[in-house]
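*Asks:* What follows is the file model19.csv, containing CSV, C-alpha atoms:
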chain,number,residue,atom,x,y,z
A,1,MET,CA,-11.4,35.3,12.4
A,2,ASP,CA,-10.1,31.7,12.7
A,3,GLN,CA,-12.2,28.8,11.4
A,4,LYS,CA,-13.0,27.4,14.8
A,5,SER,CA,-14.4,30.8,16.0
A,6,ALA,CA,-16.3,31.2,12.8
A,7,GLY,CA,-18.2,28.1,13.6
A,8,LEU,CA,-17.5,26.5,10.2
A,9,ASN,CA,-18.1,22.9,9.5
A,10,ILE,CA,-14.9,21.3,8.5
A,11,ALA,CA,-14.3,18.0,6.7
A,12,ILE,CA,-10.8,16.6,6.5
A,13,PHE,CA,-9.9,13.8,4.1
A,14,PHE,CA,-6.4,12.6,4.9
A,15,CYS,CA,-3.9,9.9,4.1
A,16,GLN,CA,-3.7,7.4,6.9
A,17,GLN,CA,0.0,7.0,6.3
A,18,LEU,CA,0.6,10.4,7.8
A,19,ASP,CA,-0.5,9.3,11.3
A,20,PRO,CA,-0.7,5.6,12.0
A,21,ASP,CA,-2.5,6.3,15.3
A,22,GLN,CA,-5.0,8.6,13.7
A,23,ASP,CA,-7.9,6.6,15.0
A,24,ILE,CA,-7.0,7.4,18.6
A,25,ASN,CA,-5.5,10.8,18.0
A,26,ARG,CA,-8.6,12.4,16.5
A,27,ARG,CA,-11.0,11.3,19.3
A,28,VAL,CA,-10.3,14.3,21.6
A,29,ILE,CA,-10.9,16.9,18.9
A,30,GLU,CA,-13.9,15.0,17.6
A,31,LYS,CA,-15.4,15.0,21.1
A,32,GLU,CA,-14.6,18.7,21.5
A,33,LEU,CA,-16.1,19.9,18.3
A,34,GLY,CA,-18.8,17.3,17.7
A,35,GLU,CA,-20.3,17.5,14.2
A,36,ARG,CA,-18.4,20.6,13.4
A,37,ILE,CA,-15.5,18.5,12.3
A,38,ARG,CA,-15.5,15.2,10.3
A,39,PHE,CA,-12.4,13.1,9.6
A,40,PHE,CA,-12.2,10.8,6.6
A,41,PRO,CA,-9.1,8.6,6.7
A,42,LEU,CA,-8.0,7.3,3.3
A,43,PRO,CA,-5.6,4.4,2.6
A,44,CYS,CA,-3.9,6.9,0.3
A,45,SER,CA,-4.9,10.5,-0.7
A,46,GLY,CA,-5.1,9.2,-4.2
A,47,ARG,CA,-8.2,7.4,-3.3
A,48,ILE,CA,-10.1,10.7,-3.1
A,49,ASP,CA,-12.7,11.1,-5.7
A,50,PRO,CA,-14.4,14.4,-6.8
A,51,LEU,CA,-17.7,12.7,-5.7
A,52,HIS,CA,-16.4,12.5,-2.1
A,53,LEU,CA,-15.7,16.2,-2.1
A,54,MET,CA,-19.0,17.1,-3.7
A,55,HIS,CA,-20.9,15.0,-1.2
A,56,ALA,CA,-19.0,16.5,1.7
A,57,LEU,CA,-20.0,20.0,0.5
A,58,GLU,CA,-23.5,18.9,-0.1
A,59,SER,CA,-23.8,17.4,3.4
A,60,GLY,CA,-23.0,20.7,4.9
A,61,ALA,CA,-19.3,21.1,5.0
A,62,ASP,CA,-18.2,24.7,4.7
A,63,LYS,CA,-14.6,23.8,4.0
A,64,VAL,CA,-13.1,20.6,2.9
A,65,TYR,CA,-9.4,19.7,3.3
A,66,VAL,CA,-7.5,16.9,1.6
A,67,VAL,CA,-4.2,16.2,3.3
A,68,THR,CA,-1.6,14.3,1.4
A,69,CYS,CA,1.9,12.9,2.1
A,70,PRO,CA,4.9,15.1,1.1
A,71,GLU,CA,5.9,15.3,-2.5
A,72,GLY,CA,7.8,12.2,-3.6
A,73,ALA,CA,6.8,10.4,-0.4
A,74,CYS,CA,3.6,8.8,-1.5
A,75,ARG,CA,3.7,5.1,-0.6
A,76,TYR,CA,1.8,4.3,-3.8
A,77,ARG,CA,4.0,6.7,-5.8
A,78,GLU,CA,1.5,9.0,-7.5
A,79,GLY,CA,-1.5,9.1,-5.1
A,80,ASN,CA,-0.8,12.5,-3.8
A,81,ILE,CA,-0.3,13.8,-7.4
A,82,ARG,CA,-3.7,12.4,-8.4
A,83,ALA,CA,-5.3,13.9,-5.3
A,84,GLY,CA,-4.1,17.3,-6.4
A,85,LYS,CA,-5.5,16.9,-9.9
A,86,ARG,CA,-8.9,15.7,-8.6
A,87,ILE,CA,-9.2,18.6,-6.2
A,88,SER,CA,-8.4,21.0,-9.0
A,89,TYR,CA,-11.1,19.4,-11.2
A,90,THR,CA,-13.7,19.6,-8.4
A,91,GLN,CA,-12.7,23.3,-7.7
A,92,THR,CA,-13.6,24.1,-11.3
A,93,LEU,CA,-16.9,22.2,-11.0
A,94,ILE,CA,-17.9,24.1,-7.8
A,95,GLU,CA,-17.0,27.4,-9.3
A,96,GLU,CA,-19.6,26.7,-12.0
A,97,ILE,CA,-22.3,26.6,-9.4
A,98,GLY,CA,-21.0,29.8,-7.7
A,99,LEU,CA,-19.0,28.2,-4.8
A,100,GLU,CA,-15.6,29.5,-4.0
A,101,ARG,CA,-12.6,27.4,-5.0
A,102,ASP,CA,-11.2,28.0,-1.6
A,103,ARG,CA,-13.9,25.7,-0.1
A,104,LEU,CA,-11.7,22.9,-1.2
A,105,GLU,CA,-8.1,23.0,-0.1
A,106,LEU,CA,-5.1,20.7,-0.7
A,107,ILE,CA,-2.6,20.4,2.1
A,108,ILE,CA,0.7,18.8,1.2
A,109,THR,CA,2.5,18.0,4.4
A,110,SER,CA,6.2,18.6,4.5
A,111,SER,CA,8.7,15.8,4.9
A,112,GLY,CA,10.7,15.5,8.0
A,113,ASN,CA,8.0,17.2,10.0
A,114,SER,CA,5.6,14.6,11.3
A,115,VAL,CA,2.5,15.8,12.9
A,116,THR,CA,-0.5,13.9,14.3
A,117,ILE,CA,-3.9,14.4,12.7
A,118,ASP,CA,-5.3,16.2,15.6
A,119,GLU,CA,-2.3,18.6,15.7
A,120,LEU,CA,-2.8,19.3,12.0
A,121,ALA,CA,-6.6,19.7,12.5
A,122,ARG,CA,-6.0,22.3,15.3
A,123,GLU,CA,-3.5,24.2,13.0
A,124,LEU,CA,-6.1,24.3,10.3
A,125,LEU,CA,-8.9,25.4,12.7
A,126,ALA,CA,-6.7,28.1,14.0
A,127,SER,CA,-6.0,29.5,10.5
A,128,LYS,CA,-7.9,32.4,9.2
A,129,ALA,CA,-11.2,31.5,7.6
A,130,SER,CA,-11.0,32.2,3.9
A,131,VAL,CA,-14.7,31.3,3.3
A,132,GLY,CA,-17.8,31.8,5.3
A,133,PRO,CA,-20.7,29.4,5.9
A,134,SER,CA,-21.7,27.6,2.7
A,135,PRO,CA,-24.7,28.9,0.9
A,136,VAL,CA,-25.8,25.4,0.3
A,137,ARG,CA,-26.0,24.5,4.0
A,138,VAL,CA,-29.7,23.9,4.6
A,139,LYS,CA,-29.5,23.8,8.3
A,140,ASP,CA,-26.7,24.0,10.8
A,141,ARG,CA,-25.4,20.5,11.7
A,142,VAL,CA,-24.7,21.5,15.3
B,1,MET,CA,-16.3,4.9,-29.0
B,2,ILE,CA,-18.3,8.0,-29.1
B,3,THR,CA,-16.9,10.8,-27.0
B,4,ALA,CA,-18.7,13.7,-25.4
B,5,GLU,CA,-18.2,16.5,-23.0
B,6,ARG,CA,-20.5,17.9,-20.3
B,7,LYS,CA,-22.3,21.1,-21.2
B,8,PRO,CA,-21.6,24.1,-18.9
B,9,ILE,CA,-23.8,24.0,-15.8
B,10,THR,CA,-25.1,27.5,-16.7
B,11,GLU,CA,-26.6,26.0,-19.9
B,12,ILE,CA,-28.0,22.9,-18.0
B,13,ARG,CA,-29.5,25.2,-15.4
B,14,GLU,CA,-31.3,27.2,-18.0
B,15,LEU,CA,-32.7,24.0,-19.6
B,16,LEU,CA,-34.0,22.8,-16.2
B,17,GLU,CA,-35.3,26.1,-15.1
B,18,PRO,CA,-39.1,25.2,-15.5
B,19,TYR,CA,-38.7,21.9,-13.8
B,20,ARG,CA,-38.7,20.7,-10.2
B,21,LYS,CA,-38.3,16.9,-10.4
B,22,VAL,CA,-35.4,15.7,-12.5
B,23,LEU,CA,-34.4,12.2,-13.5
B,24,VAL,CA,-30.7,12.3,-14.3
B,25,VAL,CA,-29.8,9.3,-16.5
B,26,GLY,CA,-26.3,8.2,-17.4
B,27,CYS,CA,-25.0,5.7,-19.8
B,28,GLY,CA,-22.4,3.0,-18.9
B,29,SER,CA,-20.9,2.7,-22.3
B,30,CYS,CA,-18.9,5.2,-24.4
B,31,VAL,CA,-19.6,8.3,-22.3
B,32,ALA,CA,-18.6,6.4,-19.2
B,33,GLU,CA,-15.3,5.5,-20.8
B,34,CYS,CA,-14.6,9.2,-21.6
B,35,ALA,CA,-15.6,10.2,-18.1
B,36,ALA,CA,-18.5,12.4,-19.3
B,37,GLY,CA,-21.7,10.5,-18.7
B,38,GLY,CA,-21.2,7.4,-16.6
B,39,GLU,CA,-22.5,6.6,-13.1
B,40,LYS,CA,-19.8,8.8,-11.4
B,41,GLU,CA,-20.5,11.7,-13.7
B,42,VAL,CA,-24.2,11.4,-13.0
B,43,GLY,CA,-23.4,11.6,-9.3
B,44,LEU,CA,-21.2,14.7,-9.8
B,45,LEU,CA,-23.6,16.5,-11.9
B,46,SER,CA,-26.6,15.7,-9.6
B,47,SER,CA,-24.7,16.8,-6.6
B,48,ALA,CA,-23.8,20.1,-8.3
B,49,LEU,CA,-27.4,20.7,-9.4
B,50,ARG,CA,-28.7,20.0,-5.9
B,51,MET,CA,-26.2,22.4,-4.4
B,52,ASP,CA,-26.9,25.0,-7.1
B,53,ALA,CA,-30.7,24.7,-6.4
B,54,LYS,CA,-30.2,25.1,-2.6
B,55,ALA,CA,-27.9,28.1,-3.1
B,56,HIS,CA,-30.6,29.7,-5.2
B,57,GLY,CA,-33.4,28.8,-2.9
B,58,LYS,CA,-35.0,26.6,-5.5
B,59,LYS,CA,-36.6,23.3,-4.7
B,60,MET,CA,-35.3,20.5,-6.8
B,61,GLU,CA,-35.7,16.7,-6.5
B,62,ILE,CA,-33.2,14.7,-8.4
B,63,LYS,CA,-33.0,11.0,-9.0
B,64,GLU,CA,-29.9,9.4,-10.3
B,65,MET,CA,-29.9,6.3,-12.6
B,66,THR,CA,-27.4,4.8,-15.0
B,67,LEU,CA,-28.3,2.4,-17.8
B,68,ASP,CA,-25.7,0.0,-19.3
B,69,ARG,CA,-26.5,1.5,-22.7
B,70,GLN,CA,-28.9,4.3,-23.4
B,71,CYS,CA,-29.2,3.5,-27.1
B,72,VAL,CA,-30.7,0.0,-26.7
B,73,TYR,CA,-34.4,-0.3,-26.0
B,74,GLU,CA,-34.0,-3.3,-23.7
B,75,PHE,CA,-32.0,-1.1,-21.3
B,76,ILE,CA,-34.2,2.0,-21.8
B,77,ASP,CA,-37.2,-0.1,-20.7
B,78,GLN,CA,-35.7,0.0,-17.2
B,79,LEU,CA,-36.9,3.6,-17.0
B,80,THR,CA,-40.5,2.6,-17.5
B,81,ASP,CA,-41.5,2.3,-13.9
B,82,VAL,CA,-39.9,5.6,-12.8
B,83,ILE,CA,-39.9,8.0,-15.6
B,84,GLY,CA,-43.5,9.1,-15.0
B,85,GLN,CA,-42.7,10.4,-11.6
B,86,TYR,CA,-40.4,13.1,-12.9
B,87,ASP,CA,-41.0,16.3,-14.8
B,88,VAL,CA,-38.0,16.0,-17.0
B,89,VAL,CA,-35.1,13.6,-17.9
B,90,LEU,CA,-31.6,15.0,-18.1
B,91,SER,CA,-29.7,12.5,-20.2
B,92,LEU,CA,-25.9,12.1,-20.0
B,93,ALA,CA,-25.9,9.9,-23.0
B,94,CYS,CA,-24.5,10.8,-26.4
B,95,GLY,CA,-27.0,12.2,-29.0
B,96,ALA,CA,-28.0,8.6,-30.0
B,97,GLY,CA,-29.0,7.7,-26.5
B,98,VAL,CA,-30.9,10.9,-25.8
B,99,GLN,CA,-32.9,10.3,-29.0
B,100,ALA,CA,-33.5,6.7,-28.3
B,101,VAL,CA,-35.0,7.4,-24.9
B,102,ALA,CA,-37.2,10.1,-26.6
B,103,GLU,CA,-38.4,7.4,-29.1
B,104,VAL,CA,-39.4,5.1,-26.3
B,105,PHE,CA,-41.0,7.9,-24.2
B,106,PRO,CA,-42.1,10.5,-26.8
B,107,LYS,CA,-44.2,12.5,-24.3
B,108,VAL,CA,-41.3,12.9,-21.8
B,109,HIS,CA,-39.3,16.1,-21.8
B,110,ILE,CA,-35.7,15.1,-22.2
B,111,PHE,CA,-32.7,17.3,-22.5
B,112,PRO,CA,-29.0,16.4,-23.2
B,113,ALA,CA,-26.4,17.2,-20.5
B,114,LEU,CA,-23.6,16.5,-22.9
B,115,ASN,CA,-22.3,17.7,-26.2
B,116,THR,CA,-21.5,14.7,-28.3
B,117,THR,CA,-18.1,15.2,-30.1
B,118,PHE,CA,-16.4,12.5,-32.0
B,119,LEU,CA,-15.6,8.8,-32.6
B,120,GLY,CA,-12.2,8.1,-31.1
B,121,GLU,CA,-9.9,6.0,-29.0
B,122,THR,CA,-8.6,6.3,-25.5
B,123,LYS,CA,-5.0,7.2,-26.3
B,124,GLU,CA,-4.0,7.2,-22.6
B,125,ALA,CA,-5.9,7.7,-19.3
B,126,GLY,CA,-7.6,11.1,-19.7
B,127,LEU,CA,-6.9,11.6,-23.3
B,128,TRP,CA,-9.3,10.8,-26.1
B,129,VAL,CA,-8.4,11.4,-29.8
B,130,GLU,CA,-10.7,11.4,-32.8
B,131,ASN,CA,-9.7,8.7,-35.3
B,132,CYS,CA,-12.9,7.9,-37.3
B,133,ARG,CA,-15.3,10.2,-39.2
B,134,GLY,CA,-17.8,7.4,-40.1
B,135,CYS,CA,-17.3,8.1,-43.8
B,136,GLY,CA,-18.9,4.8,-44.8
B,137,ASP,CA,-16.1,3.9,-47.2
B,138,CYS,CA,-13.3,2.6,-45.0
B,139,LYS,CA,-9.9,2.4,-46.6
B,140,LEU,CA,-7.8,1.7,-43.5
B,141,GLY,CA,-6.6,-1.5,-45.3
B,142,VAL,CA,-4.8,0.7,-47.8
B,143,PHE,CA,-3.4,3.2,-45.4
B,144,ALA,CA,-1.9,0.9,-42.7
B,145,ALA,CA,-4.8,1.6,-40.3
B,146,VAL,CA,-4.2,5.3,-40.3
B,147,CYS,CA,-7.3,7.2,-41.5
B,148,PRO,CA,-6.4,10.1,-43.8
B,149,VAL,CA,-10.0,11.3,-43.8
B,150,THR,CA,-9.8,11.9,-40.0
B,151,ARG,CA,-6.1,12.2,-39.2
B,152,CYS,CA,-4.8,14.2,-42.2
B,153,ALA,CA,-5.9,17.8,-41.8
B,154,LYS,CA,-6.1,18.1,-45.5
B,155,GLY,CA,-7.8,14.7,-46.1
B,156,LEU,CA,-5.2,13.7,-48.6
B,157,PHE,CA,-5.5,10.2,-50.2
B,158,ASN,CA,-2.4,10.0,-52.3
B,159,GLY,CA,0.6,11.0,-50.4
B,160,PRO,CA,1.8,13.7,-48.0
B,161,CYS,CA,1.5,17.4,-48.7
B,162,GLY,CA,5.1,17.9,-47.9
B,163,GLY,CA,4.5,20.5,-45.3
B,164,SER,CA,5.2,18.4,-42.2
B,165,ARG,CA,8.0,19.4,-39.8
B,166,THR,CA,9.6,16.7,-37.6
B,167,ASP,CA,6.7,14.3,-38.2
B,168,ARG,CA,4.2,16.9,-37.2
B,169,CYS,CA,1.3,18.3,-39.2
B,170,GLU,CA,1.8,21.9,-40.6
B,171,VAL,CA,-1.8,22.7,-39.9
B,172,ASP,CA,-1.6,21.7,-36.3
B,173,PRO,CA,1.9,20.9,-34.9
B,174,GLU,CA,0.4,19.1,-32.0
B,175,VAL,CA,-0.9,16.4,-34.4
B,176,PRO,CA,1.4,13.8,-35.9
B,177,CYS,CA,1.5,13.8,-39.7
B,178,ALA,CA,-0.9,11.1,-40.7
B,179,TRP,CA,1.1,10.5,-43.9
B,180,GLN,CA,4.3,10.1,-42.1
B,181,LEU,CA,2.7,7.4,-40.0
B,182,ILE,CA,1.1,5.7,-43.1
B,183,ILE,CA,4.4,5.6,-44.9
B,184,SER,CA,6.4,4.5,-41.9
B,185,ARG,CA,4.0,1.7,-41.2
B,186,LEU,CA,3.7,0.5,-44.8
B,187,GLU,CA,7.5,0.5,-45.0
B,188,ASP,CA,7.8,-1.6,-41.9
B,189,MET,CA,5.2,-4.0,-43.3
B,190,GLY,CA,6.9,-4.1,-46.6
B,191,ARG,CA,3.7,-2.9,-48.3
B,192,LEU,CA,4.5,0.4,-49.9
B,193,ASP,CA,3.1,-1.2,-53.0
B,194,LEU,CA,-0.4,-0.4,-51.6
B,195,LEU,CA,0.2,3.3,-52.4
B,196,ARG,CA,0.9,2.7,-56.1
B,197,LYS,CA,-2.9,2.5,-56.9
B,198,VAL,CA,-4.3,6.1,-57.1
B,199,GLN,CA,-7.1,6.5,-54.7
B,200,PRO,CA,-10.1,8.4,-56.1
B,201,PRO,CA,-11.8,11.2,-54.1
B,202,ALA,CA,-14.0,10.0,-51.3
B,203,ASP,CA,-17.6,9.2,-52.1
B,204,TRP,CA,-19.2,11.5,-49.6
B,205,SER,CA,-22.6,10.4,-50.6
B,206,LYS,CA,-21.9,7.4,-48.3
B,207,GLN,CA,-21.8,9.7,-45.4
B,208,GLN,CA,-24.0,12.6,-46.0
B,209,GLY,CA,-26.5,14.3,-48.3
B,210,LYS,CA,-29.2,11.7,-47.9
B,211,GLY,CA,-30.5,12.3,-44.4
B,212,PRO,CA,-29.9,9.8,-41.5
B,213,ARG,CA,-28.2,6.6,-42.5
B,214,LYS,CA,-29.6,3.2,-41.8
B,215,ILE,CA,-28.4,-0.4,-41.7
B,216,ARG,CA,-30.9,-3.1,-42.2
B,217,ARG,CA,-30.1,-6.8,-41.7
B,218,GLU,CA,-33.0,-9.1,-42.2
B,219,ASP,CA,-31.1,-12.0,-40.6
B,220,GLN,CA,-31.0,-10.0,-37.4
B,221,ARG,CA,-34.6,-9.0,-37.4
B,222,THR,CA,-37.5,-10.9,-35.8
Translate this structure into structure tokens?
*Replies:*
Amino acid sequence: MDQKSAGLNIAIFFCQQLDPDQDINRRVIEKELGERIRFFPLPCSGRIDPLHLMHALESGADKVYVVTCPEGACRYREGNIRAGKRISYTQTLIEEIGLERDRLELIITSSGNSVTIDELARELLASKASVGPSPVRVKDRV
Amino acid sequence: MITAERKPITEIRELLEPYRKVLVVGCGSCVAECAAGGEKEVGLLSSALRMDAKAHGKKMEIKEMTLDRQCVYEFIDQLTDVIGQYDVVLSLACGAGVQAVAEVFPKVHIFPALNTTFLGETKEAGLWVENCRGCGDCKLGVFAAVCPVTRCAKGLFNGPCGGSRTDRCEVDPEVPCAWQLIISRLEDMGRLDLLRKVQPPADWSKQQGKGPRKIRREDQRT
């Protein structure tokens, strides 16, 4: 079952450099899915902190994505590498409390293949759900 | 600085099992520097504990606080107005801080969330290395600021063991040979003469064997 059909709450942290018009592009999908999807634009994916990811999960996200620029293409050189390390750290942390590592996923976009944030979000929503509703979700946000 | 590492969450969960209202207190000094017990780590651990409680159907109320230093009473006093509202304090300080809070609030249940490890330096971002054992008889002046007590696996005071390979310790090849460093530095400084004097064995009574150590300075006391 794909993630949209599974009714999962999705949080997407993404680097703003990937889609300069992200503010406009994500409005349609935000309207369509309401609170089921939350976008968090970052000046660089390297700005992501494990605390952001933990709070997203704690707030009811079933699946959290962090979308980075392609390898070698980070405007700030190492931001996307740091993002990867922090996601890995947080995955280890959530495993300690019995949550699946897959609830956090790093998406490294490929170079030469620009995609808008809403296109990317639709691709992710159409992908097969690797996790179910989070056991820490107190009540459904929708 | 004092370094520490967080205990596994399974161990912390077991410590907190009888309690429902938890005050998680961090320290903004050494343990913040080694990314174990500062404000951010308080946030991470608290979030993990809240989610863990929800996932297990347990009610848990958690308050997060971070003191500038958890080993100084003037900072610990900041807990006075809140501590009584919680069943237990989970401290992210080093052992000194945990105990200092317990001294100020002896009736409060307080547990450590960290395992205190060693005195060390931040070698680079994310890497902390032990460089002092607190022996109480510092001879760094003789050894070009390389401590043979801590950094020589064999604790040799009068020259290398001869077992090093490519400047690395034969006991742990990941560790630079302390004596190689000592001699290289003294050579650069033109002070190899410092090694002519035979150093006696360390006086370990300055570090251990007499219970907790104390420093008393009357000029600093009121």
*Asks:* Find the residues around Phe39 of chain A up to 9 Å (all atoms listed in the file counted), leave out those fewer than 6 positions away in its own chain, and share them as JSON, numbers by chain.
*Replies:* {"A": [10, 11, 12, 13, 14, 26, 30]}
*Asks:* Tell me the residues of chain B close to chain A, meaning within 7 Å using only C-alpha atoms, as a CSV table (one decimal) with C-alpha atoms, keeping the file's coordinate frame.
*Replies:*
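Done, and the output landed in iface-v2.csv:
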chain,number,residue,atom,x,y,z
B,9,ILE,CA,-23.8,24.0,-15.8
B,43,GLY,CA,-23.4,11.6,-9.3
B,44,LEU,CA,-21.2,14.7,-9.8
B,47,SER,CA,-24.7,16.8,-6.6
B,48,ALA,CA,-23.8,20.1,-8.3
B,51,MET,CA,-26.2,22.4,-4.4
B,52,ASP,CA,-26.9,25.0,-7.1
B,54,LYS,CA,-30.2,25.1,-2.6
B,55,ALA,CA,-27.9,28.1,-3.1
*Asks:* Let me make sure I understand: among A:Gly79, A:Pro43, A:Gly112, A:Pro133, which one has the smallest atom-to-atom distance to Asn9 of chain A if we use all atoms listed in the file?
*Replies:*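 Of the candidates, the smallest distance to Asn9 of chain A is held by A:Pro133.
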*Asks:* Can you tell me, as a VMD selection string, what residues are no more than 9 Å from segment 126-135 of chain B when counting all atoms listed in the file, ignoring any on the same chain fewer than 4 positions away?
*Replies:* chain B and resid 3 34 to 35 117 to 122 146 to 147 149 to 151 202 to 208
*Asks:* Got time to write the residues from that selection, C-alpha atoms, as a PDB file, in the coordinates of the input?
*Replies:*
ATOM      1  CA  THR B   3     -16.900  10.800 -27.000  1.00  0.00           C
ATOM      2  CA  CYS B  34     -14.600   9.200 -21.600  1.00  0.00           C
ATOM      3  CA  ALA B  35     -15.600  10.200 -18.100  1.00  0.00           C
ATOM      4  CA  THR B 117     -18.100  15.200 -30.100  1.00  0.00           C
ATOM      5  CA  PHE B 118     -16.400  12.500 -32.000  1.00  0.00           C
ATOM      6  CA  LEU B 119     -15.600   8.800 -32.600  1.00  0.00           C
ATOM      7  CA  GLY B 120     -12.200   8.100 -31.100  1.00  0.00           C
ATOM      8  CA  GLU B 121      -9.900   6.000 -29.000  1.00  0.00           C
ATOM      9  CA  THR B 122      -8.600   6.300 -25.500  1.00  0.00           C
ATOM     10  CA  VAL B 146      -4.200   5.300 -40.300  1.00  0.00           C
ATOM     11  CA  CYS B 147      -7.300   7.200 -41.500  1.00  0.00           C
ATOM     12  CA  VAL B 149     -10.000  11.300 -43.800  1.00  0.00           C
ATOM     13  CA  THR B 150      -9.800  11.900 -40.000  1.00  0.00           C
ATOM     14  CA  ARG B 151      -6.100  12.200 -39.200  1.00  0.00           C
ATOM     15  CA  ALA B 202     -14.000  10.000 -51.300  1.00  0.00           C
ATOM     16  CA  ASP B 203     -17.600   9.200 -52.100  1.00  0.00           C
ATOM     17  CA  TRP B 204     -19.200  11.500 -49.600  1.00  0.00           C
ATOM     18  CA  SER B 205     -22.600  10.400 -50.600  1.00  0.00           C
ATOM     19  CA  LYS B 206     -21.900   7.400 -48.300  1.00  0.00           C
ATOM     20  CA  GLN B 207     -21.800   9.700 -45.400  1.00  0.00           C
ATOM     21  CA  GLN B 208     -24.000  12.600 -46.000  1.00  0.00           C
TER      22      GLN B 208
END
*Asks:* For Cys74 of chain A, work out the shell of residues within 10 Å, counting all atoms listed in the file and skipping chain neighbours fewer than 3 positions away, then give it as a list in words.
*Replies:*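 Final neighbour list, sorted by chain and number: Cys15, Gln17, Leu18, Cys44, Ser45, Gly46, Thr68, Cys69, Pro70, Glu71, Arg77, Glu78, Gly79, Asn80 and Ile81 of chain A.
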*Asks:* Would you mind listing what lies within 8 Å of Phe157 of chain B as number ranges by chain, with only C-alpha atoms counted and same-chain residues fewer than 2 positions away left out?
*Replies:* B: 148-149, 155, 159, 199-201
*Asks:* Taking all atoms listed in the file into account, which of A:Leu124, A:Ala61, A:Met1, A:Ile117 comes nearest Arg27 of chain A?
*Replies:* A:Ile117
*Asks:* Give the answer as one residue: which of B:Glu11, B:Glu41, B:Asp167, B:Glu17 has the shortest atom-to-atom distance to Leu181 of chain B, using all atoms listed in the file?
*Replies:* B:Asp167
*Asks:* For atom CA of Lys21 of chain B and atom CA of Val88 of chain B, quote the distance in Å rounded to one decimal.
*Replies:*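 Atom CA of Val88 of chain B lies at a distance of 6.7 Å from atom CA of Lys21 of chain B.
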*Asks:* Can you tell me how far atom CA of Met60 of chain B sits from atom CA of Arg20 of chain B, in Å to one decimal?
*Replies:* 4.8 Å
*Asks:* Find the spatial neighbours of Ala145 of chain B, counting all atoms listed in the file, within a cut-off of 10 Å - ignore same-chain residues fewer than 5 positions away - and output them as a count of residues only.
*Replies:* 8
